[in-house]
$ cat entry21.txt   # compact mmCIF, C-alpha atoms and all ligand atoms
# COMPACT_ATOMS: atom_id res chain seq x y z
CA VAL F 1 66.56 98.15 46.28
CA SER F 2 67.25 97.34 49.90
CA ARG F 3 70.72 96.80 51.13
CA ALA F 4 71.27 94.07 53.69
CA GLU F 5 72.53 95.23 57.06
CA PRO F 6 76.12 94.12 57.45
CA THR F 7 76.45 91.34 60.00
CA VAL F 8 78.51 92.38 62.96
CA SER F 9 79.90 90.28 65.78
CA ASP F 10 78.75 90.30 69.39
CA VAL F 11 81.83 92.39 70.28
CA ALA F 12 80.99 95.00 67.64
CA GLU F 13 77.36 95.07 68.68
CA LEU F 14 78.26 95.66 72.32
CA THR F 15 80.81 98.33 71.34
CA SER F 16 78.15 100.20 69.32
CA ARG F 17 75.71 99.93 72.15
CA LEU F 18 78.18 101.45 74.60
CA VAL F 19 79.18 104.22 72.17
CA ARG F 20 75.49 105.20 71.91
CA ILE F 21 75.39 105.92 75.63
CA ASN F 22 76.96 109.34 76.18
CA THR F 23 79.59 109.15 78.94
CA VAL F 24 81.48 112.35 78.15
CA ASN F 25 83.50 113.26 81.22
CA PRO F 26 82.94 115.76 82.72
CA PRO F 27 80.36 115.01 83.99
CA GLY F 28 80.70 111.30 83.10
CA ASN F 29 77.22 109.99 83.89
CA GLU F 30 78.69 106.49 83.54
CA GLU F 31 75.89 104.76 85.44
CA GLU F 32 73.66 104.11 82.42
CA ALA F 33 76.51 102.51 80.47
CA VAL F 34 77.48 100.46 83.52
CA HIS F 35 73.89 99.19 83.71
CA ALA F 36 73.98 98.27 80.01
CA LEU F 37 77.15 96.25 80.62
CA ALA F 38 75.65 94.62 83.71
CA GLU F 39 72.63 93.65 81.64
CA TYR F 40 74.89 92.13 78.99
CA LEU F 41 76.85 90.16 81.63
CA ASP F 42 73.73 88.91 83.36
CA GLY F 43 72.91 85.23 83.04
CA TYR F 44 76.41 83.77 82.79
CA GLY F 45 76.84 82.90 86.45
CA LEU F 46 79.03 85.93 87.06
CA GLU F 47 78.84 88.01 90.21
CA VAL F 48 78.17 91.54 89.09
CA ASP F 49 78.47 94.45 91.50
CA ILE F 50 77.84 98.09 90.80
CA GLN F 51 79.93 100.38 92.95
CA PRO F 52 78.47 103.90 93.24
CA LEU F 53 80.97 106.72 92.82
CA ALA F 54 78.76 109.83 92.78
CA GLU F 55 75.38 110.96 91.49
CA ARG F 56 74.76 109.03 88.20
CA ARG F 57 78.31 107.66 88.30
CA ALA F 58 79.47 104.13 89.10
CA ASN F 59 82.10 101.44 88.60
CA LEU F 60 81.27 97.85 87.74
CA ILE F 61 82.97 94.72 89.03
CA ALA F 62 82.14 91.38 87.38
CA ARG F 63 83.67 88.28 88.92
CA LEU F 64 84.00 84.73 87.66
CA ARG F 65 84.67 82.79 90.85
CA GLY F 66 87.81 80.70 91.03
CA GLU F 67 88.63 77.58 93.01
CA GLN F 68 90.42 79.82 95.51
CA GLU F 69 88.50 82.78 96.81
CA GLU F 70 90.90 85.56 95.93
CA THR F 71 91.40 87.80 92.96
CA GLY F 72 93.93 86.57 90.40
CA LEU F 73 93.74 88.35 87.06
CA VAL F 74 91.94 91.66 86.48
CA LEU F 75 90.72 92.89 83.09
CA SER F 76 90.55 96.66 83.47
CA GLY F 77 88.98 99.43 81.45
CA HIS F 78 87.30 102.81 81.75
CA ILE F 79 83.85 103.62 80.43
CA ASP F 80 84.01 107.42 80.35
CA VAL F 81 85.09 109.28 77.20
CA VAL F 82 86.34 112.74 76.29
CA HIS F 83 84.22 115.44 74.64
CA PRO F 84 83.89 115.01 70.84
CA GLY F 85 85.50 118.44 70.38
CA GLU F 86 84.66 121.45 68.24
CA SER F 87 85.64 120.12 64.80
CA ARG F 88 82.93 118.50 62.70
CA TRP F 89 82.66 114.72 62.59
CA GLN F 90 81.69 112.83 59.42
CA VAL F 91 79.16 110.88 61.53
CA ASP F 92 77.23 111.44 64.72
CA PRO F 93 79.87 110.68 67.39
CA PHE F 94 77.23 108.96 69.53
CA ALA F 95 75.53 106.80 66.88
CA GLY F 96 77.91 103.84 67.09
CA GLU F 97 77.75 103.56 63.32
CA VAL F 98 79.43 100.75 61.37
CA ARG F 99 81.20 102.04 58.23
CA ASP F 100 83.74 100.35 55.97
CA GLY F 101 84.63 97.65 58.43
CA ARG F 102 84.90 100.03 61.36
CA ILE F 103 82.87 101.45 64.19
CA VAL F 104 83.18 105.22 64.13
CA GLY F 105 82.27 107.11 67.29
CA ARG F 106 83.52 108.76 70.44
CA GLY F 107 85.01 106.08 72.68
CA SER F 108 85.08 103.37 70.00
CA ALA F 109 88.87 103.06 70.38
CA ASP F 110 89.30 104.76 73.79
CA MET F 111 88.01 102.45 75.07
CA LYS F 112 84.52 101.05 74.77
CA GLY F 113 85.81 98.63 72.13
CA GLY F 114 88.36 97.23 74.57
CA LEU F 115 85.73 96.96 77.30
CA ALA F 116 83.31 95.19 74.98
CA ALA F 117 86.03 92.73 73.94
CA MET F 118 86.81 92.04 77.61
CA ALA F 119 83.14 91.57 78.50
CA VAL F 120 82.63 89.17 75.59
CA ALA F 121 85.76 87.20 76.52
CA LEU F 122 84.41 86.89 80.06
CA THR F 123 80.97 85.65 79.00
CA ARG F 124 82.49 83.19 76.53
CA LEU F 125 84.76 81.75 79.21
CA ALA F 126 81.88 81.59 81.70
CA GLY F 127 79.59 80.07 79.06
CA GLU F 128 82.12 77.34 78.35
CA GLY F 129 82.23 76.47 82.06
CA PHE F 130 85.80 77.73 82.51
CA ARG F 131 86.73 77.84 86.19
CA PRO F 132 89.87 79.82 86.98
CA THR F 133 92.20 78.95 89.85
CA ARG F 134 91.63 82.40 91.34
CA ASP F 135 88.80 84.84 90.64
CA LEU F 136 88.84 86.42 87.21
CA VAL F 137 87.56 90.00 87.48
CA LEU F 138 86.41 92.56 84.94
CA ALA F 139 86.83 95.98 86.59
CA VAL F 140 85.13 98.84 84.78
CA SER F 141 85.92 102.32 86.04
CA ALA F 142 84.27 105.69 85.79
CA GLY F 143 86.25 108.91 85.69
CA GLU F 144 89.54 107.89 84.05
CA GLU F 145 89.66 110.81 81.64
CA VAL F 146 89.62 113.49 84.35
CA ASP F 147 91.01 112.32 87.69
CA THR F 148 90.98 108.47 87.72
CA ALA F 149 88.35 108.76 90.47
CA GLY F 150 86.84 105.37 89.64
CA ALA F 151 90.17 103.54 89.74
CA ARG F 152 91.04 105.24 93.02
CA LEU F 153 87.78 104.02 94.51
CA LEU F 154 88.43 100.49 93.19
CA ALA F 155 91.86 100.55 94.83
CA LYS F 156 90.59 102.01 98.11
CA SER F 157 87.57 99.75 98.47
CA ARG F 158 89.73 96.63 98.36
CA VAL F 159 87.37 94.81 95.93
CA LEU F 160 90.43 93.84 93.88
CA ALA F 161 92.69 93.06 96.85
CA GLY F 162 95.19 90.32 96.14
CA ALA F 163 95.18 90.85 92.36
CA ARG F 164 98.43 89.77 90.79
CA TYR F 165 97.99 90.72 87.16
CA ILE F 166 96.14 93.47 85.34
CA VAL F 167 95.38 93.71 81.65
CA VAL F 168 94.40 97.28 80.77
CA GLY F 169 92.37 97.35 77.54
CA GLU F 170 93.38 100.82 76.31
CA PRO F 171 93.97 101.04 72.55
CA THR F 172 97.40 99.74 71.56
CA GLY F 173 96.63 98.49 68.04
CA LEU F 174 97.17 95.01 69.52
CA ASP F 175 100.74 95.87 70.48
CA VAL F 176 101.83 95.13 74.04
CA PHE F 177 102.74 98.04 76.30
CA ILE F 178 104.44 97.31 79.60
CA ALA F 179 105.32 100.70 81.06
CA GLU F 180 103.73 104.08 81.75
CA LYS F 181 105.48 107.32 82.43
CA GLY F 182 104.63 108.89 85.76
CA VAL F 183 102.91 112.25 86.05
CA LEU F 184 104.37 114.96 88.25
CA TRP F 185 102.81 118.43 88.24
CA LEU F 186 104.54 121.19 90.16
CA ARG F 187 103.52 124.75 90.94
CA ILE F 188 106.37 127.12 91.61
CA VAL F 189 105.59 130.47 93.22
CA ALA F 190 108.11 133.31 93.44
CA HIS F 191 107.59 136.18 95.90
CA GLY F 192 109.53 139.38 95.20
CA ARG F 193 109.03 143.02 96.19
CA THR F 194 106.84 145.52 94.40
CA ALA F 195 107.95 149.02 93.39
CA HIS F 196 107.02 151.80 90.98
CA GLY F 197 107.69 150.76 87.38
CA SER F 198 109.91 153.82 86.93
CA MET F 199 112.19 152.70 89.78
CA PRO F 200 112.69 148.96 89.20
CA HIS F 201 115.92 148.94 91.26
CA LEU F 202 113.75 149.40 94.38
CA GLY F 203 111.83 146.19 93.72
CA VAL F 204 112.54 142.49 93.29
CA ASN F 205 110.95 141.43 90.01
CA ALA F 206 109.28 138.01 90.44
CA VAL F 207 108.50 137.72 86.70
CA SER F 208 112.14 138.29 85.68
CA PHE F 209 113.14 135.61 88.14
CA MET F 210 110.59 133.12 86.83
CA ALA F 211 111.51 133.83 83.20
CA GLU F 212 115.04 132.64 84.00
CA VAL F 213 113.68 129.56 85.81
CA ALA F 214 111.56 128.71 82.74
CA ARG F 215 114.60 129.14 80.48
CA ARG F 216 116.66 126.71 82.56
CA ILE F 217 114.00 124.19 83.63
CA ASP F 218 114.99 121.50 81.09
CA SER F 219 118.31 121.18 82.95
CA ILE F 220 116.60 119.34 85.83
CA MET F 221 116.54 116.22 83.65
CA ASN F 222 120.30 116.39 82.95
CA GLY F 223 122.08 113.17 83.72
CA ILE F 224 118.97 110.99 83.50
CA GLU F 225 119.58 107.75 81.61
CA PRO F 226 116.94 107.02 78.96
CA ASN F 227 114.56 104.22 79.99
CA GLU F 228 114.73 101.22 77.63
CA ILE F 229 110.97 101.36 76.99
CA LEU F 230 109.92 104.94 77.77
CA SER F 231 113.11 106.72 76.71
CA MET F 232 113.47 110.21 78.26
CA PRO F 233 111.32 112.08 80.77
CA THR F 234 109.78 115.36 79.59
CA VAL F 235 109.31 118.78 81.17
CA SER F 236 106.87 121.39 79.90
CA VAL F 237 106.10 124.81 81.39
CA ASN F 238 102.38 125.07 80.69
CA THR F 239 101.12 128.07 82.65
CA ILE F 240 102.83 131.18 83.90
CA SER F 241 101.25 134.26 85.39
CA GLY F 242 102.41 137.30 87.26
CA GLY F 243 102.13 141.05 87.46
CA VAL F 244 99.14 143.36 87.82
CA LYS F 245 99.89 146.51 85.86
CA THR F 246 102.33 147.88 83.28
CA ASN F 247 103.86 150.39 85.70
CA VAL F 248 104.18 148.12 88.75
CA VAL F 249 107.14 145.81 89.45
CA PRO F 250 105.53 142.40 90.05
CA ASP F 251 106.03 140.87 93.48
CA ARG F 252 104.50 137.53 92.58
CA CYS F 253 104.84 135.05 89.72
CA GLU F 254 103.42 131.58 89.49
CA MET F 255 104.30 128.79 87.08
CA GLU F 256 102.94 125.29 86.56
CA VAL F 257 105.09 122.57 85.12
CA ASP F 258 103.99 119.20 83.68
CA MET F 259 106.64 116.49 83.98
CA ARG F 260 106.35 112.95 82.67
CA ILE F 261 108.87 110.88 84.54
CA VAL F 262 110.45 107.45 84.13
CA PRO F 263 111.13 104.62 86.59
CA GLY F 264 113.92 105.59 88.99
CA GLN F 265 112.71 109.18 89.29
CA THR F 266 110.68 110.26 92.31
CA ALA F 267 108.73 113.35 93.25
CA GLU F 268 111.06 113.94 96.24
CA GLY F 269 114.18 113.68 94.08
CA ILE F 270 112.83 116.05 91.45
CA GLN F 271 111.62 118.55 94.04
CA ALA F 272 115.16 118.64 95.48
CA THR F 273 116.58 119.26 91.99
CA VAL F 274 114.06 122.06 91.42
CA GLU F 275 115.08 123.64 94.75
CA SER F 276 118.74 123.67 93.62
CA LEU F 277 117.72 125.20 90.30
CA LEU F 278 115.88 127.97 92.16
CA ALA F 279 118.95 128.63 94.30
CA GLU F 280 121.09 128.72 91.16
CA VAL F 281 118.78 131.28 89.52
CA ARG F 282 118.69 133.42 92.70
CA GLU F 283 122.47 133.43 92.57
CA ALA F 284 122.71 134.12 88.82
CA THR F 285 120.11 136.91 88.75
CA GLY F 286 120.82 138.46 92.14
CA LEU F 287 117.04 138.57 92.70
CA ALA F 288 116.27 137.90 96.37
CA VAL F 289 112.93 136.13 95.84
CA GLU F 290 111.34 133.64 98.17
CA THR F 291 110.01 130.54 96.48
CA GLU F 292 107.53 127.76 97.19
CA VAL F 293 107.24 124.48 95.32
CA ALA F 294 103.97 122.53 95.59
CA VAL F 295 103.14 119.10 94.15
CA LEU F 296 99.79 119.31 92.35
CA GLN F 297 99.73 115.75 91.10
CA ASN F 298 102.05 112.80 91.63
CA MET F 299 101.41 109.51 89.88
CA PRO F 300 104.57 107.40 89.91
CA PRO F 301 105.73 105.61 86.74
CA VAL F 302 105.02 101.89 86.40
CA GLN F 303 106.92 99.22 84.53
CA THR F 304 106.43 95.46 84.32
CA PRO F 305 109.64 93.44 83.94
CA ALA F 306 109.95 92.16 80.36
CA ASP F 307 110.39 88.58 81.66
CA ASP F 308 107.11 88.59 83.61
CA PRO F 309 104.86 85.70 82.47
CA LEU F 310 102.06 88.18 81.71
CA VAL F 311 104.22 89.83 79.05
CA ALA F 312 105.10 86.60 77.23
CA THR F 313 101.49 85.39 77.47
CA THR F 314 100.12 88.64 76.06
CA VAL F 315 102.68 88.76 73.25
CA ALA F 316 101.80 85.17 72.30
CA ALA F 317 98.08 85.98 72.26
CA ALA F 318 98.69 89.17 70.25
CA ARG F 319 100.74 87.19 67.74
CA ALA F 320 98.03 84.51 67.44
CA VAL F 321 95.20 86.93 66.68
CA GLY F 322 96.96 89.92 65.09
CA ARG F 323 98.10 90.84 61.61
CA HIS F 324 101.58 92.05 62.50
CA GLU F 325 104.36 91.07 64.87
CA PRO F 326 103.41 92.68 68.18
CA ARG F 327 105.69 95.46 69.37
CA ILE F 328 106.58 95.85 73.05
CA GLY F 329 106.35 99.47 74.08
CA GLY F 330 105.15 101.95 76.66
CA VAL F 331 102.93 105.00 77.00
CA SER F 332 103.94 108.53 77.89
CA TYR F 333 100.71 109.13 79.83
CA GLY F 334 99.05 107.52 82.82
CA THR F 335 96.11 105.06 82.63
CA ASP F 336 94.02 103.53 85.43
CA GLY F 337 96.81 100.95 85.53
CA ALA F 338 99.14 103.50 87.12
CA VAL F 339 96.65 103.77 89.99
CA LEU F 340 95.74 100.10 90.28
CA ALA F 341 99.07 98.33 89.78
CA PRO F 342 100.99 100.04 92.63
CA ALA F 343 97.95 99.98 94.95
CA LEU F 344 97.43 96.25 94.44
CA GLY F 345 101.07 95.26 94.04
CA ALA F 346 100.19 93.77 90.66
CA ASN F 347 101.99 93.73 87.32
CA LEU F 348 100.27 95.13 84.27
CA VAL F 349 100.18 95.06 80.51
CA ILE F 350 98.26 97.46 78.30
CA PHE F 351 96.75 95.69 75.33
CA GLY F 352 93.65 96.55 73.36
CA PRO F 353 91.93 97.11 70.02
CA GLY F 354 92.08 100.46 68.23
CA LYS F 355 95.03 102.64 67.30
CA PRO F 356 96.41 104.68 70.20
CA GLU F 357 96.49 107.81 67.98
CA GLN F 358 92.69 107.51 67.50
CA ALA F 359 92.13 108.41 71.14
CA HIS F 360 90.57 111.85 71.65
CA GLN F 361 90.48 112.52 67.86
CA PRO F 362 87.49 113.50 65.70
CA ASN F 363 86.11 110.55 63.67
CA GLU F 364 87.65 108.13 66.18
CA PHE F 365 87.24 104.55 64.99
CA VAL F 366 88.05 100.95 65.77
CA ASP F 367 88.38 98.19 63.16
CA LEU F 368 85.83 95.38 63.48
CA TRP F 369 88.46 92.69 63.00
CA GLU F 370 90.55 94.13 65.85
CA LEU F 371 87.57 93.99 68.20
CA ASP F 372 87.05 90.29 67.48
CA ALA F 373 90.79 89.60 67.64
CA ALA F 374 91.03 91.34 71.03
CA ALA F 375 88.17 89.30 72.51
CA GLU F 376 89.87 86.12 71.37
CA ALA F 377 93.22 87.30 72.75
CA TYR F 378 91.79 88.23 76.17
CA ALA F 379 90.24 84.77 76.54
CA GLN F 380 93.55 83.21 75.53
CA ILE F 381 95.49 85.36 78.03
CA VAL F 382 93.13 84.33 80.83
CA ARG F 383 93.47 80.60 80.05
CA ASN F 384 97.22 80.66 79.56
CA MET F 385 97.93 82.76 82.64
CA ASP F 386 95.83 80.30 84.62
CA VAL F 387 97.99 77.44 83.34
CA ALA F 388 101.21 79.40 83.87
CA VAL F 389 100.69 80.88 87.33
CA GLY F 390 97.25 79.84 88.61
ZN ZN X 401 91.53 105.66 77.60

$ encode --input "entry21.txt" --output "structure tokens" --more "lines below"
Ligand SMILES: [Zn+2]
Amino acid sequence: VSRAEPTVSDVAELTSRLVRINTVNPPGNEEEAVHALAEYLDGYGLEVDIQPLAERRANLIARLRGEQEETGLVLSGHIDVVHPGESRWQVDPFAGEVRDGRIVGRGSADMKGGLAAMAVALTRLAGEGFRPTRDLVLAVSAGEEVDTAGARLLAKSRVLAGARYIVVGEPTGLDVFIAEKGVLWLRIVAHGRTAHGSMPHLGVNAVSFMAEVARRIDSIMNGIEPNEILSMPTVSVNTISGGVKTNVVPDRCEMEVDMRIVPGQTAEGIQATVESLLAEVREATGLAVETEVAVLQNMPPVQTPADDPLVATTVAAARAVGRHEPRIGGVSYGTDGAVLAPALGANLVIFGPGKPEQAHQPNEFVDLWELDAAAEAYAQIVRNMDVAVG
């Protein structure tokens, strides 16, 4: 008895095809997947450019020319994925298998499904002879999962210059996210004075000092008003190291802190608060340490005003294709949008198929109906934004 292959849509087929190409980052090796997408996009009158990033790594920019020669709306997504992890999957993570109305595989939700839905929306619009007022661009980046290197190159190379609106196709379960927390990583180094462990009064213990800093670090967010979308910023001490030997008073301690900040907060402002905290701890402990504070990463938060036309248009499209009333929310992490939106001066929404909690999980999946719904919604967003703002 032979069982008929289930019929899957063009969006599902393209998603599976992309999942089958391993783009685990590091190292990424996104070029092969970018070529597969370029091949899919070929023949619709689109201008397709491949932008090399590094050996075997590239971005892709597909453009449907508008009446005016400038970029209007950008559909944005990344093609790299994270490692499938150590726990066992029920399927081969790189088979792109269809099971029970889903595609299961690494990157199916985060975010080859979203990219496939965007690519299909673009070819459908092009195939129907749709001509936007300004260029409609699909921007596919390499490197999002590690250092947003692809998005940084897109921003720097000016290929998207003039863009006004960005739709980021990360998995939102077809909800509409309009804000991203910023990322601020600090390294704090304390320099004390070493001494014999039997005579600690002769030294200045850098570890004791840092322990007190770690205990009080949450206080730097005191007085911050919760953001209406992102609520409160977070602070987490994630590495700490110091000392060389049990019988030696440590003269150096180093700590790295991961902060996720909200609009209104800046790296400069937080650094100043951290400096006052260090002074306060010097005072409280009587430990005469010298300190340094270095910024390891600074990606400012982004937020699109709730009354921006892109928000209303995306919510309407989500409502038209979805199976629940779309929720407006935000994300506590940064996407390529946090690189692109400030660099281009554009507003963004994050909207895509797949549940956000599927990202980076074993047995990651995306529902077939959500893939088709997303493709329909992207096309609708493009048309309606063109009517609304040109
Ligand atoms: Zn992602």

$ residues_near_ligand --input "entry21.txt" --ligand "ligand ZN 401 (chain X)" --cutoff "12 Å" --atoms "all atoms listed in the file" --output "compact mmCIF listing (two decimals) with C-alpha atoms, keeping the file's coordinate frame"
# COMPACT_ATOMS: atom_id res chain seq x y z
CA ASN F 25 83.50 113.26 81.22
CA SER F 76 90.55 96.66 83.47
CA GLY F 77 88.98 99.43 81.45
CA HIS F 78 87.30 102.81 81.75
CA ILE F 79 83.85 103.62 80.43
CA ASP F 80 84.01 107.42 80.35
CA VAL F 81 85.09 109.28 77.20
CA VAL F 82 86.34 112.74 76.29
CA ARG F 106 83.52 108.76 70.44
CA GLY F 107 85.01 106.08 72.68
CA SER F 108 85.08 103.37 70.00
CA ALA F 109 88.87 103.06 70.38
CA ASP F 110 89.30 104.76 73.79
CA MET F 111 88.01 102.45 75.07
CA LYS F 112 84.52 101.05 74.77
CA GLY F 113 85.81 98.63 72.13
CA GLY F 114 88.36 97.23 74.57
CA LEU F 115 85.73 96.96 77.30
CA VAL F 140 85.13 98.84 84.78
CA SER F 141 85.92 102.32 86.04
CA ALA F 142 84.27 105.69 85.79
CA GLY F 143 86.25 108.91 85.69
CA GLU F 144 89.54 107.89 84.05
CA GLU F 145 89.66 110.81 81.64
CA VAL F 146 89.62 113.49 84.35
CA THR F 148 90.98 108.47 87.72
CA VAL F 168 94.40 97.28 80.77
CA GLY F 169 92.37 97.35 77.54
CA GLU F 170 93.38 100.82 76.31
CA PRO F 171 93.97 101.04 72.55
CA THR F 172 97.40 99.74 71.56
CA VAL F 331 102.93 105.00 77.00
CA TYR F 333 100.71 109.13 79.83
CA GLY F 334 99.05 107.52 82.82
CA THR F 335 96.11 105.06 82.63
CA ASP F 336 94.02 103.53 85.43
CA GLY F 337 96.81 100.95 85.53
CA ILE F 350 98.26 97.46 78.30
CA PHE F 351 96.75 95.69 75.33
CA GLY F 352 93.65 96.55 73.36
CA PRO F 353 91.93 97.11 70.02
CA GLY F 354 92.08 100.46 68.23
CA LYS F 355 95.03 102.64 67.30
CA PRO F 356 96.41 104.68 70.20
CA GLU F 357 96.49 107.81 67.98
CA GLN F 358 92.69 107.51 67.50
CA ALA F 359 92.13 108.41 71.14
CA HIS F 360 90.57 111.85 71.65
CA GLN F 361 90.48 112.52 67.86

$ closest_residue --input "entry21.txt" --among "F:Val167, F:Leu230, F:Ala284, F:Val244" --to "Val311 of chain F" --atoms "all atoms listed in the file"
F:Val167

$ atom_distance --input "entry21.txt" --atom1 "atom CA of Ala190 of chain F" --atom2 "atom CA of Arg252 of chain F"
5.6 Å

$ closest_atom_pairs --input "entry21.txt" --of "segment 116-187 of chain F" --to "segment 253-270 of chain F" --cutoff "10 Å" --atoms "only C-alpha atoms" --output "JSON lines"
{"residue": "F:Ala179", "atom": "CA", "partner": "F:Pro263", "partner_atom": "CA", "distance": 8.9}
{"residue": "F:Glu180", "atom": "CA", "partner": "F:Val262", "partner_atom": "CA", "distance": 7.9}
{"residue": "F:Lys181", "atom": "CA", "partner": "F:Val262", "partner_atom": "CA", "distance": 5.3}
{"residue": "F:Gly182", "atom": "CA", "partner": "F:Ile261", "partner_atom": "CA", "distance": 4.8}
{"residue": "F:Val183", "atom": "CA", "partner": "F:Arg260", "partner_atom": "CA", "distance": 4.9}
{"residue": "F:Leu184", "atom": "CA", "partner": "F:Met259", "partner_atom": "CA", "distance": 5.1}
{"residue": "F:Trp185", "atom": "CA", "partner": "F:Asp258", "partner_atom": "CA", "distance": 4.8}
{"residue": "F:Leu186", "atom": "CA", "partner": "F:Val257", "partner_atom": "CA", "distance": 5.3}
{"residue": "F:Arg187", "atom": "CA", "partner": "F:Glu256", "partner_atom": "CA", "distance": 4.5}

$ atom_distance --input "entry21.txt" --atom1 "atom CA of Thr239 of chain F" --atom2 "atom CA of Val213 of chain F"
13.0 Å

$ closest_residue --input "entry21.txt" --among "F:Asp251, F:Glu280, F:Glu13, F:Glu55" --to "Glu32 of chain F" --atoms "all atoms listed in the file"
F:Glu55

$ closest_residue --input "entry21.txt" --among "F:Ala54, F:Ile166, F:Ile224, F:Val248" --to "Ala206 of chain F" --atoms "only C-alpha atoms"
F:Val248

$ closest_residue --input "entry21.txt" --among "F:Val159, F:Val349, F:Ala338, F:Val293" --to "Pro309 of chain F" --atoms "only C-alpha atoms"
F:Val349

$ atom_distance --input "entry21.txt" --atom1 "atom CA of Arg216 of chain F" --atom2 "atom CA of Arg282 of chain F"
12.3 Å

$ residues_around --input "entry21.txt" --residues "Gly192 of chain F" --least-positions-apart "2" --cutoff "9 Å" --atoms "only C-alpha atoms" --output "PyMOL selection string"
chain F and resi 190+194+203-207+209+249-253+287-291

$ closest_residue --input "entry21.txt" --among "F:Asp308, F:Asp10, F:Glu30, F:Glu364" --to "Tyr165 of chain F" --atoms "all atoms listed in the file"
F:Asp308

$ closest_residue --input "entry21.txt" --among "F:Gln380, F:Asp100, F:Ile61, F:Gln68" --to "Leu368 of chain F" --atoms "only C-alpha atoms"
F:Asp100

$ residues_around --input "entry21.txt" --residues "Gly390 of chain F" --least-positions-apart "2" --cutoff "8 Å" --atoms "only C-alpha atoms" --output "list in words"
Gly72, Pro132, Thr133, Arg134, Met385, Asp386, Val387 and Ala388 of chain F

$ residues_around --input "entry21.txt" --residues "Asp49 of chain F" --least-positions-apart "4" --cutoff "12 Å" --atoms "all atoms listed in the file" --output "ChimeraX atom specification"
/F:34-35,37-39,41-42,58-64,137-140,154,159

$ closest_atom_pairs --input "entry21.txt" --of "segment 233-323 of chain F" --to "segment 371-378 of chain F" --cutoff "7 Å" --atoms "only C-alpha atoms" --output "tab-separated table"
residue	atom	partner	partner_atom	distance
F:Ala317	CA	F:Ala377	CA	5.1
F:Ala318	CA	F:Ala377	CA	6.3
F:Val321	CA	F:Ala373	CA	5.2
F:Gly322	CA	F:Ala373	CA	6.7

$ write_last_selection --input "entry21.txt" --atoms "C-alpha atoms" --output "compact mmCIF listing (two decimals), in the coordinates of the input"
# COMPACT_ATOMS: atom_id res chain seq x y z
CA ALA F 317 98.08 85.98 72.26
CA ALA F 318 98.69 89.17 70.25
CA VAL F 321 95.20 86.93 66.68
CA GLY F 322 96.96 89.92 65.09

$ residues_near_point --input "entry21.txt" --point "(92.5, 93.3, 97.5)" --cutoff "10 Å" --atoms "only C-alpha atoms" --output "mmCIF file with C-alpha atoms, in the frame of the given file"
data_model
loop_
_atom_site.group_PDB
_atom_site.id
_atom_site.type_symbol
_atom_site.label_atom_id
_atom_site.label_comp_id
_atom_site.auth_asym_id
_atom_site.auth_seq_id
_atom_site.Cartn_x
_atom_site.Cartn_y
_atom_site.Cartn_z
ATOM 1 C CA GLU F 70 90.900 85.560 95.930
ATOM 2 C CA THR F 71 91.400 87.800 92.960
ATOM 3 C CA GLY F 72 93.930 86.570 90.400
ATOM 4 C CA LEU F 154 88.430 100.490 93.190
ATOM 5 C CA ALA F 155 91.860 100.550 94.830
ATOM 6 C CA LYS F 156 90.590 102.010 98.110
ATOM 7 C CA SER F 157 87.570 99.750 98.470
ATOM 8 C CA ARG F 158 89.730 96.630 98.360
ATOM 9 C CA VAL F 159 87.370 94.810 95.930
ATOM 10 C CA LEU F 160 90.430 93.840 93.880
ATOM 11 C CA ALA F 161 92.690 93.060 96.850
ATOM 12 C CA GLY F 162 95.190 90.320 96.140
ATOM 13 C CA ALA F 163 95.180 90.850 92.360
ATOM 14 C CA ARG F 164 98.430 89.770 90.790
ATOM 15 C CA ALA F 343 97.950 99.980 94.950
ATOM 16 C CA LEU F 344 97.430 96.250 94.440
ATOM 17 C CA GLY F 345 101.070 95.260 94.040
#

$ residues_around --input "entry21.txt" --residues "Gly96 of chain F" --least-positions-apart "3" --cutoff "9 Å" --atoms "only C-alpha atoms" --output "MDAnalysis selection string"
chainID F and resid 13 15:20 92:93 103:106 108
